[in-house]
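Novice: Let me give you the structure first, and then I'll get to my questions.
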Amino acid sequence: MLRDAAIFAAGLFAWTVVEYLIHGTLAHAHRTIVTARHMVHHRDPSAVFAIRLWPFVALLWLIGLASWGFGGPMIFFDGLLMGFAAYEFVHYRIHFRTPASNFEAGLRARHLAHHTSAPGAWFGVTSRLWDIVCGSEPEPSRQDALLARAATIAPLQCPSNFSRLTRWIAAWR
């Protein structure tokens with residue numbers, strides 16, 4: 001049980017690395033298939049969900065289950081997927097909700113500063129760990145001003161692209 005919890009936690013932690021690599025490397029540092037989709041989000045922050053990715057993720061989960069059963073690799077993958085789900089939830093809250101805590105306010109200010117003033121910095125959405133490790137935070141002399149400006153941005157009041165998914169699900173009922 002403790003071993004499984006540790007494996008799951010390792011998957012959750014691994015998500016922070018994957019998130020940073022996808023956002024910083026595949027979406028910003030290099031021109032990839034991710035770049036075009038991500039730039040849509042920069043132009044329209046209401047497009048926050050990786051909706052088209054979830055069927056692919058579900059397929060990978062089924063393949064993993066068929067390959068590994070409920071063993072260690074699958075537990076790790078489940079932790080990774082939980083990290084992805086948490087990212088989706090946090091990312092939605094950053095754009096559409098008033099922060100519920102100082103921690104959330106900090107994540108929100110960093111991400112909105114990334115959107116508005118520092119697109120080459122602050123790639124971690126759920127954690128700043130890899131921004132610190134990889135040196136992708138803005139220079140300290142700029143951080144306070146960028147964060148203060150971002151903290152004044154009101155949550156979005158428009159529907160997100162998540163509403164398209166809920167309408168699609170409702171249509172299938």
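In the structure tokens, the first chain shown is A, the next is B, and so on; residue numbers restart at 1 for each chain, and ligands run from 1 in the order shown.
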Could you pull the residues within 8 Å of stretch 68-77 of chain A, counting only C-alpha atoms, minus those fewer than 3 positions along the same chain, as a PyMOL selection string?
Specialist: chain A and resi 4+7-12+61+64-65+80-81
Novice: Deliver the residues from the most recent selection as a file, using C-alpha atoms, as an mmCIF file, in the first residue's frame.
Specialist:
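Wrote selection-v6.cif, looks like this:
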data_model
loop_
_atom_site.group_PDB
_atom_site.id
_atom_site.type_symbol
_atom_site.label_atom_id
_atom_site.label_comp_id
_atom_site.auth_asym_id
_atom_site.auth_seq_id
_atom_site.Cartn_x
_atom_site.Cartn_y
_atom_site.Cartn_z
ATOM 1 C CA ASP A 4 1.721 2.053 -4.345
ATOM 2 C CA ILE A 7 4.574 5.225 -7.012
ATOM 3 C CA PHE A 8 1.395 7.295 -7.446
ATOM 4 C CA ALA A 9 3.101 10.318 -5.832
ATOM 5 C CA ALA A 10 6.053 9.855 -8.199
ATOM 6 C CA GLY A 11 3.596 10.001 -11.112
ATOM 7 C CA LEU A 12 2.075 13.196 -9.721
ATOM 8 C CA TRP A 61 -5.064 4.475 -20.137
ATOM 9 C CA GLY A 64 -1.790 0.741 -20.158
ATOM 10 C CA LEU A 65 -4.398 -1.222 -18.241
ATOM 11 C CA LEU A 80 0.585 11.294 -14.033
ATOM 12 C CA LEU A 81 -3.029 11.492 -15.225
#
Novice: Quick one: DSSP alpha helix (DSSP H) residues in stretch 55-171 of chain A, as a PyMOL selection string?
Specialist: chain A and resi 55-68+72-96+102-116+129-134+140-151+162-171
Novice: Include C-alpha atoms and write out the residues we just selected as a PDB file, in the first residue's frame.
Specialist:
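File result-v6.pdb, as written:
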ATOM      1  CA  PRO A  55      -9.979  10.769 -25.669  1.00  0.00           C
ATOM      2  CA  PHE A  56      -6.327  10.058 -26.546  1.00  0.00           C
ATOM      3  CA  VAL A  57      -5.447   9.961 -22.839  1.00  0.00           C
ATOM      4  CA  ALA A  58      -8.347   7.556 -22.215  1.00  0.00           C
ATOM      5  CA  LEU A  59      -7.074   5.326 -25.016  1.00  0.00           C
ATOM      6  CA  LEU A  60      -3.571   5.370 -23.516  1.00  0.00           C
ATOM      7  CA  TRP A  61      -5.064   4.475 -20.137  1.00  0.00           C
ATOM      8  CA  LEU A  62      -6.886   1.482 -21.632  1.00  0.00           C
ATOM      9  CA  ILE A  63      -3.720   0.339 -23.412  1.00  0.00           C
ATOM     10  CA  GLY A  64      -1.790   0.741 -20.158  1.00  0.00           C
ATOM     11  CA  LEU A  65      -4.398  -1.222 -18.241  1.00  0.00           C
ATOM     12  CA  ALA A  66      -4.292  -4.018 -20.832  1.00  0.00           C
ATOM     13  CA  SER A  67      -0.487  -4.044 -20.736  1.00  0.00           C
ATOM     14  CA  TRP A  68       0.255  -3.585 -17.044  1.00  0.00           C
ATOM     15  CA  GLY A  72       3.337  -0.295 -10.629  1.00  0.00           C
ATOM     16  CA  PRO A  73       3.584   1.211 -14.116  1.00  0.00           C
ATOM     17  CA  MET A  74      -0.181   1.738 -14.204  1.00  0.00           C
ATOM     18  CA  ILE A  75      -0.180   3.287 -10.725  1.00  0.00           C
ATOM     19  CA  PHE A  76       2.558   5.677 -11.893  1.00  0.00           C
ATOM     20  CA  PHE A  77       0.535   6.502 -15.025  1.00  0.00           C
ATOM     21  CA  ASP A  78      -2.548   7.099 -12.871  1.00  0.00           C
ATOM     22  CA  GLY A  79      -0.521   9.609 -10.816  1.00  0.00           C
ATOM     23  CA  LEU A  80       0.585  11.294 -14.033  1.00  0.00           C
ATOM     24  CA  LEU A  81      -3.029  11.492 -15.225  1.00  0.00           C
ATOM     25  CA  MET A  82      -4.162  12.853 -11.863  1.00  0.00           C
ATOM     26  CA  GLY A  83      -1.540  15.571 -12.285  1.00  0.00           C
ATOM     27  CA  PHE A  84      -2.937  16.353 -15.740  1.00  0.00           C
ATOM     28  CA  ALA A  85      -6.487  16.516 -14.348  1.00  0.00           C
ATOM     29  CA  ALA A  86      -5.296  18.785 -11.518  1.00  0.00           C
ATOM     30  CA  TYR A  87      -3.553  20.988 -14.085  1.00  0.00           C
ATOM     31  CA  GLU A  88      -6.776  21.307 -16.079  1.00  0.00           C
ATOM     32  CA  PHE A  89      -8.701  22.230 -12.913  1.00  0.00           C
ATOM     33  CA  VAL A  90      -6.102  24.767 -11.728  1.00  0.00           C
ATOM     34  CA  HIS A  91      -5.747  26.272 -15.202  1.00  0.00           C
ATOM     35  CA  TYR A  92      -9.503  26.746 -15.434  1.00  0.00           C
ATOM     36  CA  ARG A  93      -9.617  28.406 -12.000  1.00  0.00           C
ATOM     37  CA  ILE A  94      -6.713  30.694 -12.911  1.00  0.00           C
ATOM     38  CA  HIS A  95      -8.628  32.130 -15.835  1.00  0.00           C
ATOM     39  CA  PHE A  96     -12.233  32.008 -14.608  1.00  0.00           C
ATOM     40  CA  ASN A 102      -2.786  33.072  -1.358  1.00  0.00           C
ATOM     41  CA  PHE A 103      -1.169  30.051  -2.995  1.00  0.00           C
ATOM     42  CA  GLU A 104      -3.758  30.069  -5.775  1.00  0.00           C
ATOM     43  CA  ALA A 105      -3.409  33.848  -6.124  1.00  0.00           C
ATOM     44  CA  GLY A 106       0.334  33.375  -6.650  1.00  0.00           C
ATOM     45  CA  LEU A 107      -0.186  30.714  -9.327  1.00  0.00           C
ATOM     46  CA  ARG A 108      -2.776  32.933 -10.992  1.00  0.00           C
ATOM     47  CA  ALA A 109      -0.583  36.046 -11.000  1.00  0.00           C
ATOM     48  CA  ARG A 110       2.373  34.124 -12.457  1.00  0.00           C
ATOM     49  CA  HIS A 111       0.295  32.560 -15.229  1.00  0.00           C
ATOM     50  CA  LEU A 112      -1.502  35.778 -16.142  1.00  0.00           C
ATOM     51  CA  ALA A 113       1.829  37.624 -16.166  1.00  0.00           C
ATOM     52  CA  HIS A 114       3.080  34.925 -18.558  1.00  0.00           C
ATOM     53  CA  HIS A 115       0.078  35.655 -20.793  1.00  0.00           C
ATOM     54  CA  THR A 116       0.228  39.435 -20.699  1.00  0.00           C
ATOM     55  CA  LEU A 129       9.657  24.469  -9.225  1.00  0.00           C
ATOM     56  CA  TRP A 130      10.897  23.901 -12.782  1.00  0.00           C
ATOM     57  CA  ASP A 131      10.904  27.632 -13.556  1.00  0.00           C
ATOM     58  CA  ILE A 132      13.320  28.013 -10.646  1.00  0.00           C
ATOM     59  CA  VAL A 133      15.420  24.970 -11.611  1.00  0.00           C
ATOM     60  CA  CYS A 134      15.550  25.895 -15.324  1.00  0.00           C
ATOM     61  CA  PRO A 140      13.967  39.466  -9.940  1.00  0.00           C
ATOM     62  CA  SER A 141      13.883  43.224 -10.577  1.00  0.00           C
ATOM     63  CA  ARG A 142      10.859  42.767 -12.912  1.00  0.00           C
ATOM     64  CA  GLN A 143       8.923  40.119 -11.011  1.00  0.00           C
ATOM     65  CA  ASP A 144       7.110  42.313  -8.481  1.00  0.00           C
ATOM     66  CA  ALA A 145       5.812  44.730 -11.131  1.00  0.00           C
ATOM     67  CA  LEU A 146       4.714  41.894 -13.457  1.00  0.00           C
ATOM     68  CA  LEU A 147       2.935  40.039 -10.666  1.00  0.00           C
ATOM     69  CA  ALA A 148       1.258  43.190  -9.325  1.00  0.00           C
ATOM     70  CA  ARG A 149      -0.068  44.076 -12.781  1.00  0.00           C
ATOM     71  CA  ALA A 150      -1.322  40.513 -13.376  1.00  0.00           C
ATOM     72  CA  ALA A 151      -3.024  40.424  -9.970  1.00  0.00           C
ATOM     73  CA  PHE A 162     -15.335  23.448 -21.618  1.00  0.00           C
ATOM     74  CA  SER A 163     -18.940  24.546 -22.166  1.00  0.00           C
ATOM     75  CA  ARG A 164     -18.725  23.026 -25.676  1.00  0.00           C
ATOM     76  CA  LEU A 165     -17.797  19.701 -24.105  1.00  0.00           C
ATOM     77  CA  THR A 166     -20.674  19.812 -21.629  1.00  0.00           C
ATOM     78  CA  ARG A 167     -23.108  20.648 -24.473  1.00  0.00           C
ATOM     79  CA  TRP A 168     -21.707  17.717 -26.489  1.00  0.00           C
ATOM     80  CA  ILE A 169     -22.136  15.359 -23.513  1.00  0.00           C
ATOM     81  CA  ALA A 170     -25.690  16.638 -22.931  1.00  0.00           C
ATOM     82  CA  ALA A 171     -26.540  16.004 -26.586  1.00  0.00           C
TER      83      ALA A 171
END
Novice: Record the distance separating atom CA of A:Thr126 and atom CA of A:Ala100, expressed in Å with one decimal.
Specialist: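 These atoms are spaced 14.7 Å apart.
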Novice: Please, what distance in Å, to one decimal, runs between atom CA of A:Leu26 and atom CA of A:Ser127?
Specialist: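 According to the coordinates, atom CA of A:Leu26 and atom CA of A:Ser127 are separated by 17.7 Å.
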Novice: Have a look at atom CA of A:Val40 and atom CA of A:Gly124 and let me know their distance in Å, one decimal.
Specialist: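 If I compute the distance from atom CA of A:Val40 to atom CA of A:Gly124, I get 18.2 Å.
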Novice: Do a neighbour search on A:His28 at 8 Å with only C-alpha atoms, toss out local chain neighbours closer than 5 positions, and write the hits as a list in words.
Specialist: His23, Thr35 and Gly120 of chain A
Novice: So which one's closest to A:Phe123, A:Ala14, A:Ile22, A:Asp44, A:Leu2? Using only C-alpha atoms, please.
Specialist: A:Ile22
Novice: Would you mind telling me which residue in A:Arg37, A:Ala118, A:Thr152, A:Trp54 lies nearest to A:Ser136 when using only C-alpha atoms?
Specialist: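 The closest residue to A:Ser136 is A:Ala118.
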Novice: For A:Pro159, which of A:Val125, A:Ala47, A:Met39, A:Leu53 is the closest residue, counting only C-alpha atoms?
Specialist: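 Among the listed residues, A:Ala47 lies closest to A:Pro159.
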